[in-house]
file query.txt (compact mmCIF, C-alpha atoms)
# COMPACT_ATOMS: atom_id res chain seq x y z
CA MET E 1 52.80 85.50 92.73
CA LEU E 2 55.62 86.33 90.35
CA ALA E 3 55.65 89.93 91.55
CA GLN E 4 55.99 88.81 95.17
CA LEU E 5 58.80 86.44 94.23
CA ALA E 6 60.64 89.22 92.39
CA ILE E 7 60.31 91.54 95.39
CA SER E 8 61.61 88.85 97.76
CA LEU E 9 64.60 88.21 95.52
CA LEU E 10 65.43 91.89 95.00
CA PRO E 11 67.69 92.25 98.09
CA TYR E 12 69.73 89.22 97.07
CA LEU E 13 70.08 90.40 93.48
CA ALA E 14 71.33 93.72 94.86
CA LEU E 15 73.83 91.85 97.06
CA LEU E 16 75.12 89.92 94.03
CA ALA E 17 75.58 93.20 92.18
CA ALA E 18 77.39 94.72 95.17
CA GLY E 19 79.70 91.71 95.18
CA LEU E 20 80.61 92.28 91.56
CA GLY E 21 81.47 95.91 92.25
CA ALA E 22 83.40 95.09 95.40
CA GLY E 23 85.40 92.32 93.77
CA PHE E 24 86.34 94.39 90.75
CA ALA E 25 87.30 97.41 92.86
CA GLY E 26 89.29 95.17 95.18
CA GLY E 27 91.34 93.70 92.37
CA LEU E 28 91.79 97.02 90.60
CA PHE E 29 92.85 99.20 93.54
CA GLY E 30 94.05 96.64 96.09
CA ILE E 31 91.18 97.48 98.45
CA GLY E 32 88.89 94.99 100.13
CA GLY E 33 85.72 96.35 98.56
CA GLY E 34 84.25 97.76 101.77
CA PHE E 35 83.67 101.16 100.18
CA VAL E 36 81.19 99.42 97.88
CA VAL E 37 79.78 96.81 100.25
CA VAL E 38 79.05 98.94 103.34
CA PRO E 39 76.90 101.58 101.54
CA ALA E 40 75.05 98.85 99.66
CA LEU E 41 74.35 96.94 102.87
CA THR E 42 72.97 100.01 104.64
CA LEU E 43 70.26 100.05 101.97
CA ILE E 44 69.68 96.29 101.76
CA LEU E 45 69.91 95.13 105.38
CA PRO E 46 66.64 96.82 106.49
CA MET E 47 64.88 94.70 103.84
CA LEU E 48 66.35 91.61 105.55
CA GLY E 49 64.92 92.55 108.93
CA THR E 50 67.80 94.49 110.49
CA SER E 51 66.80 97.17 113.00
CA PRO E 52 67.98 100.76 112.34
CA GLN E 53 70.06 100.63 115.53
CA GLN E 54 72.09 97.72 114.19
CA VAL E 55 72.36 98.48 110.46
CA MET E 56 75.85 100.01 110.50
CA HIS E 57 77.29 97.39 112.83
CA VAL E 58 75.95 94.56 110.66
CA ALA E 59 77.02 96.34 107.46
CA ILE E 60 80.59 96.75 108.72
CA GLY E 61 80.83 93.26 110.23
CA THR E 62 79.44 91.64 107.08
CA SER E 63 81.72 93.73 104.87
CA LEU E 64 84.77 92.58 106.83
CA ALA E 65 83.69 88.95 106.46
CA THR E 66 83.49 89.33 102.68
CA ILE E 67 86.88 91.07 102.54
CA ILE E 68 88.57 87.93 103.85
CA PHE E 69 87.65 86.11 100.66
CA THR E 70 87.91 88.97 98.16
CA SER E 71 91.36 89.91 99.47
CA LEU E 72 92.62 86.33 99.36
CA ARG E 73 91.30 86.00 95.81
CA SER E 74 92.96 89.26 94.78
CA VAL E 75 96.32 88.54 96.44
CA GLN E 76 96.38 85.11 94.80
CA SER E 77 95.97 86.71 91.38
CA HIS E 78 98.59 89.39 92.12
CA ALA E 79 101.04 86.78 93.49
CA ARG E 80 100.94 84.92 90.17
CA ARG E 81 102.27 88.13 88.62
CA GLY E 82 104.99 88.53 91.27
CA ALA E 83 103.38 91.67 92.67
CA VAL E 84 103.19 90.85 96.41
CA ASP E 85 105.79 92.01 98.98
CA VAL E 86 105.65 89.12 101.49
CA PRO E 87 108.26 90.56 103.93
CA PHE E 88 106.22 93.77 104.15
CA ILE E 89 103.09 91.82 105.08
CA LYS E 90 104.91 89.70 107.70
CA GLY E 91 106.51 92.75 109.33
CA TRP E 92 103.25 94.68 109.56
CA ALA E 93 100.90 91.83 110.47
CA PRO E 94 101.22 91.84 114.30
CA TRP E 95 100.56 95.56 114.62
CA LEU E 96 97.73 95.44 112.10
CA VAL E 97 96.01 92.83 114.25
CA VAL E 98 96.49 94.89 117.44
CA GLY E 99 94.94 97.96 115.80
CA THR E 100 92.12 95.87 114.37
CA ILE E 101 91.18 94.48 117.78
CA LEU E 102 91.12 97.99 119.25
CA GLY E 103 88.96 99.27 116.39
CA THR E 104 86.51 96.40 116.86
CA LEU E 105 86.13 97.17 120.56
CA ILE E 106 85.53 100.86 119.83
CA ALA E 107 82.92 100.04 117.17
CA ASP E 108 81.01 97.92 119.67
CA ARG E 109 80.69 100.87 122.05
CA VAL E 110 79.36 103.51 119.63
CA SER E 111 75.92 103.89 118.07
CA SER E 112 74.97 103.06 114.49
CA SER E 113 74.61 106.77 113.64
CA THR E 114 78.09 107.49 115.02
CA LEU E 115 79.53 104.69 112.91
CA ALA E 116 77.76 106.15 109.86
CA LEU E 117 79.31 109.55 110.59
CA ILE E 118 82.78 108.02 111.02
CA PHE E 119 82.34 106.09 107.78
CA GLY E 120 81.18 109.17 105.86
CA ILE E 121 84.11 111.30 107.05
CA GLY E 122 86.56 108.50 106.38
CA VAL E 123 85.22 107.97 102.87
CA LEU E 124 85.63 111.67 102.03
CA VAL E 125 89.26 111.53 103.20
CA PHE E 126 89.93 108.51 101.01
CA ALA E 127 88.13 110.19 98.09
CA ALA E 128 90.85 112.84 98.11
CA TYR E 129 93.44 110.11 97.51
CA PHE E 130 91.70 109.02 94.31
CA LEU E 131 90.89 112.53 93.08
CA LEU E 132 94.12 114.42 93.79
CA PRO E 133 96.16 114.80 90.60
CA ILE E 134 99.53 114.22 92.30
CA ARG E 135 100.29 110.53 92.72
CA PRO E 136 102.76 109.51 95.45
CA GLU E 137 104.56 107.05 93.17
CA ARG E 138 105.70 110.03 91.08
CA GLN E 139 107.12 111.90 94.07
CA PRO E 140 108.25 109.31 96.67
CA ILE E 141 109.21 110.84 100.00
CA SER E 142 111.49 107.97 101.04
CA ASP E 143 113.33 105.03 99.55
CA THR E 144 112.70 102.71 102.53
CA MET E 145 109.59 101.47 104.31
CA PRO E 146 108.75 102.72 107.83
CA THR E 147 110.34 100.74 110.65
CA GLY E 148 110.30 100.75 114.45
CA ALA E 149 107.83 103.09 116.14
CA LYS E 150 106.67 104.55 112.80
CA ARG E 151 105.69 101.14 111.50
CA ILE E 152 103.95 100.21 114.76
CA GLY E 153 101.98 103.46 114.82
CA LEU E 154 101.01 103.43 111.16
CA ALA E 155 100.09 99.73 111.10
CA GLY E 156 98.09 100.07 114.33
CA PHE E 157 96.21 103.08 112.97
CA LEU E 158 95.57 101.24 109.70
CA GLY E 159 94.04 98.27 111.53
CA LEU E 160 91.95 100.51 113.80
CA ILE E 161 90.46 102.70 111.07
CA SER E 162 89.83 99.70 108.81
CA ALA E 163 87.84 97.93 111.53
CA LEU E 164 85.76 101.07 112.15
CA LEU E 165 85.01 101.57 108.45
CA GLY E 166 84.63 97.93 107.41
CA ILE E 167 87.39 98.16 104.80
CA GLY E 168 90.59 96.27 104.06
CA GLY E 169 93.00 99.17 104.42
CA GLY E 170 94.25 98.88 100.87
CA THR E 171 94.27 102.61 100.17
CA ILE E 172 96.53 103.46 103.11
CA THR E 173 98.82 100.51 102.32
CA THR E 174 99.12 101.53 98.68
CA LEU E 175 99.75 105.16 99.65
CA THR E 176 102.45 104.16 102.15
CA MET E 177 104.28 101.85 99.76
CA THR E 178 104.18 104.16 96.76
CA SER E 179 105.29 107.08 98.93
CA CYS E 180 108.35 104.98 99.77
CA GLY E 181 109.15 104.27 96.14
CA ALA E 182 107.41 100.92 95.61
CA PRO E 183 105.95 100.30 92.13
CA ILE E 184 102.20 100.88 92.04
CA HIS E 185 101.37 97.34 90.91
CA ARG E 186 103.44 95.82 93.73
CA ALA E 187 101.79 98.16 96.23
CA ILE E 188 98.30 97.19 95.04
CA GLY E 189 99.12 93.47 95.17
CA THR E 190 100.57 93.74 98.68
CA ALA E 191 97.57 95.78 99.85
CA SER E 192 95.33 92.85 98.94
CA GLY E 193 97.23 90.66 101.39
CA VAL E 194 97.01 93.31 104.11
CA GLY E 195 93.24 93.34 103.64
CA ALA E 196 92.95 89.66 104.56
CA ILE E 197 95.09 90.12 107.68
CA ILE E 198 92.88 92.97 108.85
CA ALA E 199 89.54 91.42 107.90
CA LEU E 200 89.95 88.05 109.61
CA PRO E 201 90.39 89.22 113.23
CA ALA E 202 87.97 92.11 112.68
CA ALA E 203 85.23 89.79 111.39
CA ILE E 204 85.76 87.45 114.33
CA GLY E 205 85.54 90.44 116.67
CA PHE E 206 82.27 91.65 115.16
CA ALA E 207 80.84 88.13 115.34
CA ILE E 208 81.70 87.93 119.06
CA THR E 209 80.64 91.44 120.10
CA GLY E 210 77.33 91.13 118.26
CA PHE E 211 76.44 87.74 119.71
CA GLY E 212 72.99 87.82 121.33
CA GLU E 213 72.18 91.39 120.26
CA ALA E 214 68.57 92.22 119.37
CA GLY E 215 67.47 93.52 115.99
CA LEU E 216 69.83 91.42 113.86
CA PRO E 217 68.78 89.83 110.55
CA ARG E 218 68.02 86.12 110.38
CA LEU E 219 70.88 83.63 110.11
CA SER E 220 73.41 86.07 111.53
CA ILE E 221 76.52 85.24 113.50
CA GLY E 222 76.83 88.26 115.74
CA TYR E 223 77.07 91.32 113.51
CA ILE E 224 77.69 89.22 110.39
CA SER E 225 74.73 88.45 108.14
CA MET E 226 75.64 85.09 106.63
CA PRO E 227 73.14 85.22 103.70
CA ALA E 228 74.39 88.68 102.74
CA ALA E 229 78.05 87.67 103.08
CA ILE E 230 77.59 84.53 100.99
CA ALA E 231 75.75 86.39 98.23
CA ILE E 232 78.43 89.07 98.03
CA ILE E 233 81.34 86.64 98.16
CA ALA E 234 79.81 84.49 95.39
CA THR E 235 80.18 87.25 92.81
CA ALA E 236 83.12 89.13 94.34
CA VAL E 237 85.52 86.21 93.93
CA ILE E 238 84.56 86.07 90.27
CA ALA E 239 85.06 89.80 89.68
CA ALA E 240 88.31 90.20 91.66
CA PRO E 241 90.60 88.64 88.99
CA LEU E 242 88.99 90.88 86.39
CA GLY E 243 89.96 93.91 88.49
CA VAL E 244 93.50 92.55 88.83
CA ALA E 245 93.78 92.13 85.07
CA ALA E 246 92.55 95.69 84.57
CA ALA E 247 95.08 97.00 87.12
CA HIS E 248 97.95 95.44 85.20
CA ARG E 249 96.75 96.32 81.70
CA LEU E 250 94.96 99.66 81.87
CA SER E 251 95.87 103.16 82.95
CA PRO E 252 93.83 103.68 86.12
CA ALA E 253 93.66 107.49 85.84
CA LEU E 254 90.06 107.66 84.62
CA LEU E 255 88.94 104.88 86.94
CA ARG E 256 90.51 106.71 89.91
CA ARG E 257 88.47 109.82 89.11
CA VAL E 258 85.26 107.85 88.69
CA PHE E 259 85.79 105.91 91.92
CA GLY E 260 86.82 109.06 93.77
CA SER E 261 83.66 110.82 92.66
CA TYR E 262 81.65 107.83 93.81
CA LEU E 263 83.30 108.05 97.23
CA VAL E 264 82.39 111.74 97.53
CA VAL E 265 78.72 110.93 96.91
CA VAL E 266 78.83 108.03 99.38
CA GLY E 267 80.59 110.10 102.04
CA ILE E 268 78.13 112.97 101.84
CA THR E 269 75.17 110.56 101.85
CA MET E 270 76.40 108.70 104.92
CA ILE E 271 77.08 111.92 106.83
CA THR E 272 73.58 113.14 105.95
CA LYS E 273 72.10 109.87 107.24
CA ALA E 274 74.05 110.16 110.46

call {"tool": "encode", "arguments": {"input": "query.txt", "output": "structure tokens"}}
result
Amino acid sequence: MLAQLAISLLPYLALLAAGLGAGFAGGLFGIGGGFVVVPALTLILPMLGTSPQQVMHVAIGTSLATIIFTSLRSVQSHARRGAVDVPFIKGWAPWLVVGTILGTLIADRVSSSTLALIFGIGVLVFAAYFLLPIRPERQPISDTMPTGAKRIGLAGFLGLISALLGIGGGTITTLTMTSCGAPIHRAIGTASGVGAIIALPAAIGFAITGFGEAGLPRLSIGYISMPAAIAIIATAVIAAPLGVAAAHRLSPALLRRVFGSYLVVVGITMITKA
């Protein structure tokens, strides 16, 4: 009896643990936590009754739903420290949403294995950002943020790739801002706000496109597993402020290397699965 109960609770305990990792990573690096949540969900969702053909779609949709809350929690903590560039967020928001909608439509038309391949390749690209020894804040390439067509293109691409990977786009936002001379802490804080802007329309899109699909876990809204999302959010919102505090107090050099190495393992694993 007790053994059966423990087995039935195991997926939810794993989801709580994933939420802790996602929340901490989100606060620390200004990312939405999707790099932690999506791989964890690909392992847990089959235990919740998700068919193999729908695992990646549900993992990405559920990840985006959790990012709404983890990003809002993170940006709130960063805002208290004056580390959020509100004009940047307002100027980029429309084009982020356009790219996000396009990415959601593309994700709906590709298979789960293709999404896994896209995720694995994307993760390896982002791993390079965390592992490369040269940081853009040390060698800024501009003293102003992109405007006009450059901003439209970059923001649209950011929304598109984030929707396909189930992430908040924090890495690209941080890279862009620090490359243009913004302080790293301000870039990380602003990236948290960008994550919420991307995640909200993307999550709605995955809920709509997945409506009525077969092979979804119980209590799902389209491609969003509500039990999984709630379990992850419950611990992520607790861990996010801890990541923010670490970002403002600790040198992130070692943590970057550890997280980058983690991304390499995840990327290779996802490509192998695909």

call {"tool": "residues_near_point", "arguments": {"input": "query.txt", "point": "(68.2, 101.4, 115.8)", "cutoff": "10 Å", "atoms": "all atoms listed in the file", "output": "list in words"}}
result
Thr50, Ser51, Pro52, Gln53, Gln54, Val55, Met56, Ser111, Ser112, Ser113, Ala214 and Gly215 of chain E

call {"tool": "closest_residue", "arguments": {"input": "query.txt", "among": "E:Leu9, E:Ala93, E:Leu164, E:Val75", "to": "E:Leu28", "atoms": "only C-alpha atoms"}}
result
E:Val75

call {"tool": "atom_distance", "arguments": {"input": "query.txt", "atom1": "atom CA of E:Ala228", "atom2": "atom CA of E:Ala127"}}
result
25.9 Å

call {"tool": "residues_near_point", "arguments": {"input": "query.txt", "point": "(90.8, 100.3, 109.9)", "cutoff": "10 Å", "atoms": "all atoms listed in the file", "output": "list of chain:residue names"}}
result
E:Leu96, E:Gly99, E:Thr100, E:Ile101, E:Leu102, E:Gly103, E:Thr104, E:Gly122, E:Ala155, E:Gly156, E:Phe157, E:Leu158, E:Gly159, E:Leu160, E:Ile161, E:Ser162, E:Ala163, E:Leu164, E:Leu165, E:Gly166, E:Ile167, E:Gly168, E:Gly169, E:Gly170, E:Ile172, E:Gly195, E:Ile198, E:Ala199, E:Ala202

call {"tool": "atom_distance", "arguments": {"input": "query.txt", "atom1": "atom CA of E:Leu20", "atom2": "atom CA of E:Ala240"}}
result
8.0 Å

call {"tool": "closest_residue", "arguments": {"input": "query.txt", "among": "E:Val37, E:Ala182, E:Ala253, E:Val237", "to": "E:Ala83", "atoms": "only C-alpha atoms"}}
result
E:Ala182

call {"tool": "atom_distance", "arguments": {"input": "query.txt", "atom1": "atom CA of E:Thr176", "atom2": "atom CA of E:Ile232"}}
result
28.7 Å

call {"tool": "closest_residue", "arguments": {"input": "query.txt", "among": "E:Tyr262, E:Trp92, E:Phe211, E:Phe24", "to": "E:Leu154", "atoms": "all atoms listed in the file"}}
result
E:Trp92

call {"tool": "closest_residue", "arguments": {"input": "query.txt", "among": "E:Thr174, E:Gly153, E:Val38, E:Thr144", "to": "E:Ala65", "atoms": "all atoms listed in the file"}}
result
E:Val38

call {"tool": "residues_around", "arguments": {"input": "query.txt", "residues": "E:Val264", "least_positions_apart": "4", "cutoff": "7 Å", "atoms": "all atoms listed in the file", "output": "ChimeraX atom specification"}}
result
/E:124,127,260,268

call {"tool": "write_last_selection", "arguments": {"input": "query.txt", "atoms": "C-alpha atoms", "output": "PDB file, keeping the file's coordinate frame"}}
result
ATOM      1  CA  LEU E 124      85.630 111.670 102.030  1.00  0.00           C
ATOM      2  CA  ALA E 127      88.130 110.190  98.090  1.00  0.00           C
ATOM      3  CA  GLY E 260      86.820 109.060  93.770  1.00  0.00           C
ATOM      4  CA  ILE E 268      78.130 112.970 101.840  1.00  0.00           C
TER       5      ILE E 268
END

call {"tool": "axis_aligned_box", "arguments": {"input": "query.txt", "around": "stretch 216-222 of chain E", "padding_each_side": "8 Å", "output": "lines of an AutoDock Vina configuration file"}}
result
center_x = 72.4
center_y = 87.5
center_z = 112.9
size_x = 24.8
size_y = 23.8
size_z = 21.6

call {"tool": "closest_residue", "arguments": {"input": "query.txt", "among": "E:Leu117, E:Ser77, E:Val110, E:Tyr223", "to": "E:Ile208", "atoms": "only C-alpha atoms"}}
result
E:Tyr223

call {"tool": "closest_residue", "arguments": {"input": "query.txt", "among": "E:Ala236, E:Gly222, E:Phe29, E:Phe35", "to": "E:Ala203", "atoms": "only C-alpha atoms"}}
result
E:Gly222

call {"tool": "residues_around", "arguments": {"input": "query.txt", "residues": "E:Leu13", "least_positions_apart": "2", "cutoff": "12 Å", "atoms": "all atoms listed in the file", "output": "CSV table (one decimal) with C-alpha atoms, in the coordinates of the input"}}
result
chain,number,residue,atom,x,y,z
E,5,LEU,CA,58.8,86.4,94.2
E,6,ALA,CA,60.6,89.2,92.4
E,7,ILE,CA,60.3,91.5,95.4
E,8,SER,CA,61.6,88.8,97.8
E,9,LEU,CA,64.6,88.2,95.5
E,10,LEU,CA,65.4,91.9,95.0
E,11,PRO,CA,67.7,92.2,98.1
E,15,LEU,CA,73.8,91.8,97.1
E,16,LEU,CA,75.1,89.9,94.0
E,17,ALA,CA,75.6,93.2,92.2
E,18,ALA,CA,77.4,94.7,95.2
E,19,GLY,CA,79.7,91.7,95.2
E,20,LEU,CA,80.6,92.3,91.6
E,40,ALA,CA,75.0,98.8,99.7
E,44,ILE,CA,69.7,96.3,101.8
E,227,PRO,CA,73.1,85.2,103.7
E,228,ALA,CA,74.4,88.7,102.7
E,231,ALA,CA,75.8,86.4,98.2
E,232,ILE,CA,78.4,89.1,98.0
E,234,ALA,CA,79.8,84.5,95.4
E,235,THR,CA,80.2,87.2,92.8

call {"tool": "build_atoms", "arguments": {"input": "query.txt", "residues": "stretch 109-134 of chain E", "atoms": "N, CA, C and O atoms", "output": "PDB file, keeping the file's coordinate frame"}}
result
ATOM      1  N   ARG E 109      81.124  99.948 121.001  1.00  0.00           N
ATOM      2  CA  ARG E 109      80.690 100.870 122.050  1.00  0.00           C
ATOM      3  C   ARG E 109      80.007 102.134 121.509  1.00  0.00           C
ATOM      4  O   ARG E 109      79.556 102.961 122.285  1.00  0.00           O
ATOM      5  N   VAL E 110      79.969 102.309 120.193  1.00  0.00           N
ATOM      6  CA  VAL E 110      79.360 103.510 119.630  1.00  0.00           C
ATOM      7  C   VAL E 110      78.065 103.135 118.917  1.00  0.00           C
ATOM      8  O   VAL E 110      77.834 101.977 118.560  1.00  0.00           O
ATOM      9  N   SER E 111      77.225 104.131 118.694  1.00  0.00           N
ATOM     10  CA  SER E 111      75.920 103.890 118.070  1.00  0.00           C
ATOM     11  C   SER E 111      76.061 103.733 116.557  1.00  0.00           C
ATOM     12  O   SER E 111      77.093 104.054 115.965  1.00  0.00           O
ATOM     13  N   SER E 112      74.993 103.247 115.942  1.00  0.00           N
ATOM     14  CA  SER E 112      74.970 103.060 114.490  1.00  0.00           C
ATOM     15  C   SER E 112      75.137 104.401 113.766  1.00  0.00           C
ATOM     16  O   SER E 112      75.847 104.498 112.767  1.00  0.00           O
ATOM     17  N   SER E 113      74.505 105.453 114.281  1.00  0.00           N
ATOM     18  CA  SER E 113      74.610 106.770 113.640  1.00  0.00           C
ATOM     19  C   SER E 113      76.034 107.314 113.743  1.00  0.00           C
ATOM     20  O   SER E 113      76.534 107.955 112.804  1.00  0.00           O
ATOM     21  N   THR E 114      76.699 107.043 114.870  1.00  0.00           N
ATOM     22  CA  THR E 114      78.090 107.490 115.020  1.00  0.00           C
ATOM     23  C   THR E 114      78.994 106.757 114.041  1.00  0.00           C
ATOM     24  O   THR E 114      79.890 107.355 113.425  1.00  0.00           O
ATOM     25  N   LEU E 115      78.751 105.454 113.873  1.00  0.00           N
ATOM     26  CA  LEU E 115      79.530 104.690 112.910  1.00  0.00           C
ATOM     27  C   LEU E 115      79.302 105.213 111.489  1.00  0.00           C
ATOM     28  O   LEU E 115      80.238 105.277 110.684  1.00  0.00           O
ATOM     29  N   ALA E 116      78.065 105.587 111.179  1.00  0.00           N
ATOM     30  CA  ALA E 116      77.760 106.150 109.860  1.00  0.00           C
ATOM     31  C   ALA E 116      78.512 107.456 109.640  1.00  0.00           C
ATOM     32  O   ALA E 116      79.029 107.719 108.558  1.00  0.00           O
ATOM     33  N   LEU E 117      78.582 108.288 110.691  1.00  0.00           N
ATOM     34  CA  LEU E 117      79.310 109.550 110.590  1.00  0.00           C
ATOM     35  C   LEU E 117      80.804 109.297 110.393  1.00  0.00           C
ATOM     36  O   LEU E 117      81.443 109.932 109.548  1.00  0.00           O
ATOM     37  N   ILE E 118      81.370 108.367 111.168  1.00  0.00           N
ATOM     38  CA  ILE E 118      82.780 108.020 111.020  1.00  0.00           C
ATOM     39  C   ILE E 118      83.056 107.502 109.622  1.00  0.00           C
ATOM     40  O   ILE E 118      84.051 107.875 108.978  1.00  0.00           O
ATOM     41  N   PHE E 119      82.162 106.652 109.125  1.00  0.00           N
ATOM     42  CA  PHE E 119      82.340 106.090 107.780  1.00  0.00           C
ATOM     43  C   PHE E 119      82.293 107.202 106.733  1.00  0.00           C
ATOM     44  O   PHE E 119      83.131 107.236 105.824  1.00  0.00           O
ATOM     45  N   GLY E 120      81.309 108.096 106.841  1.00  0.00           N
ATOM     46  CA  GLY E 120      81.180 109.170 105.860  1.00  0.00           C
ATOM     47  C   GLY E 120      82.400 110.067 105.823  1.00  0.00           C
ATOM     48  O   GLY E 120      82.900 110.411 104.738  1.00  0.00           O
ATOM     49  N   ILE E 121      82.914 110.451 106.993  1.00  0.00           N
ATOM     50  CA  ILE E 121      84.110 111.300 107.050  1.00  0.00           C
ATOM     51  C   ILE E 121      85.314 110.554 106.483  1.00  0.00           C
ATOM     52  O   ILE E 121      86.108 111.101 105.701  1.00  0.00           O
ATOM     53  N   GLY E 122      85.442 109.290 106.874  1.00  0.00           N
ATOM     54  CA  GLY E 122      86.560 108.500 106.380  1.00  0.00           C
ATOM     55  C   GLY E 122      86.536 108.342 104.871  1.00  0.00           C
ATOM     56  O   GLY E 122      87.572 108.434 104.200  1.00  0.00           O
ATOM     57  N   VAL E 123      85.355 108.134 104.322  1.00  0.00           N
ATOM     58  CA  VAL E 123      85.220 107.970 102.870  1.00  0.00           C
ATOM     59  C   VAL E 123      85.632 109.253 102.145  1.00  0.00           C
ATOM     60  O   VAL E 123      86.300 109.201 101.100  1.00  0.00           O
ATOM     61  N   LEU E 124      85.252 110.404 102.670  1.00  0.00           N
ATOM     62  CA  LEU E 124      85.630 111.670 102.030  1.00  0.00           C
ATOM     63  C   LEU E 124      87.152 111.856 102.047  1.00  0.00           C
ATOM     64  O   LEU E 124      87.734 112.376 101.082  1.00  0.00           O
ATOM     65  N   VAL E 125      87.796 111.436 103.141  1.00  0.00           N
ATOM     66  CA  VAL E 125      89.260 111.530 103.200  1.00  0.00           C
ATOM     67  C   VAL E 125      89.893 110.633 102.140  1.00  0.00           C
ATOM     68  O   VAL E 125      90.817 111.045 101.423  1.00  0.00           O
ATOM     69  N   PHE E 126      89.384 109.423 101.999  1.00  0.00           N
ATOM     70  CA  PHE E 126      89.930 108.510 101.010  1.00  0.00           C
ATOM     71  C   PHE E 126      89.599 108.973  99.584  1.00  0.00           C
ATOM     72  O   PHE E 126      90.359 108.702  98.647  1.00  0.00           O
ATOM     73  N   ALA E 127      88.475 109.668  99.416  1.00  0.00           N
ATOM     74  CA  ALA E 127      88.130 110.190  98.090  1.00  0.00           C
ATOM     75  C   ALA E 127      89.212 111.136  97.585  1.00  0.00           C
ATOM     76  O   ALA E 127      89.515 111.169  96.384  1.00  0.00           O
ATOM     77  N   ALA E 128      89.793 111.904  98.507  1.00  0.00           N
ATOM     78  CA  ALA E 128      90.850 112.840  98.110  1.00  0.00           C
ATOM     79  C   ALA E 128      92.033 112.098  97.504  1.00  0.00           C
ATOM     80  O   ALA E 128      92.676 112.585  96.564  1.00  0.00           O
ATOM     81  N   TYR E 129      92.325 110.894  98.035  1.00  0.00           N
ATOM     82  CA  TYR E 129      93.440 110.110  97.510  1.00  0.00           C
ATOM     83  C   TYR E 129      93.217 109.774  96.033  1.00  0.00           C
ATOM     84  O   TYR E 129      94.137 109.822  95.212  1.00  0.00           O
ATOM     85  N   PHE E 130      91.982 109.417  95.690  1.00  0.00           N
ATOM     86  CA  PHE E 130      91.700 109.020  94.310  1.00  0.00           C
ATOM     87  C   PHE E 130      91.537 110.216  93.383  1.00  0.00           C
ATOM     88  O   PHE E 130      91.743 110.093  92.180  1.00  0.00           O
ATOM     89  N   LEU E 131      91.174 111.378  93.931  1.00  0.00           N
ATOM     90  CA  LEU E 131      90.890 112.530  93.080  1.00  0.00           C
ATOM     91  C   LEU E 131      92.067 113.492  92.936  1.00  0.00           C
ATOM     92  O   LEU E 131      92.127 114.241  91.959  1.00  0.00           O
ATOM     93  N   LEU E 132      92.990 113.503  93.898  1.00  0.00           N
ATOM     94  CA  LEU E 132      94.120 114.420  93.790  1.00  0.00           C
ATOM     95  C   LEU E 132      94.977 114.071  92.585  1.00  0.00           C
ATOM     96  O   LEU E 132      95.280 112.893  92.346  1.00  0.00           O
ATOM     97  N   PRO E 133      95.401 115.078  91.826  1.00  0.00           N
ATOM     98  CA  PRO E 133      96.160 114.800  90.600  1.00  0.00           C
ATOM     99  C   PRO E 133      97.572 114.312  90.842  1.00  0.00           C
ATOM    100  O   PRO E 133      98.162 113.667  89.990  1.00  0.00           O
ATOM    101  N   ILE E 134      98.156 114.607  92.019  1.00  0.00           N
ATOM    102  CA  ILE E 134      99.530 114.220  92.300  1.00  0.00           C
ATOM    103  C   ILE E 134      99.541 112.827  92.894  1.00  0.00           C
ATOM    104  O   ILE E 134      98.950 112.589  93.939  1.00  0.00           O
TER     105      ILE E 134
END
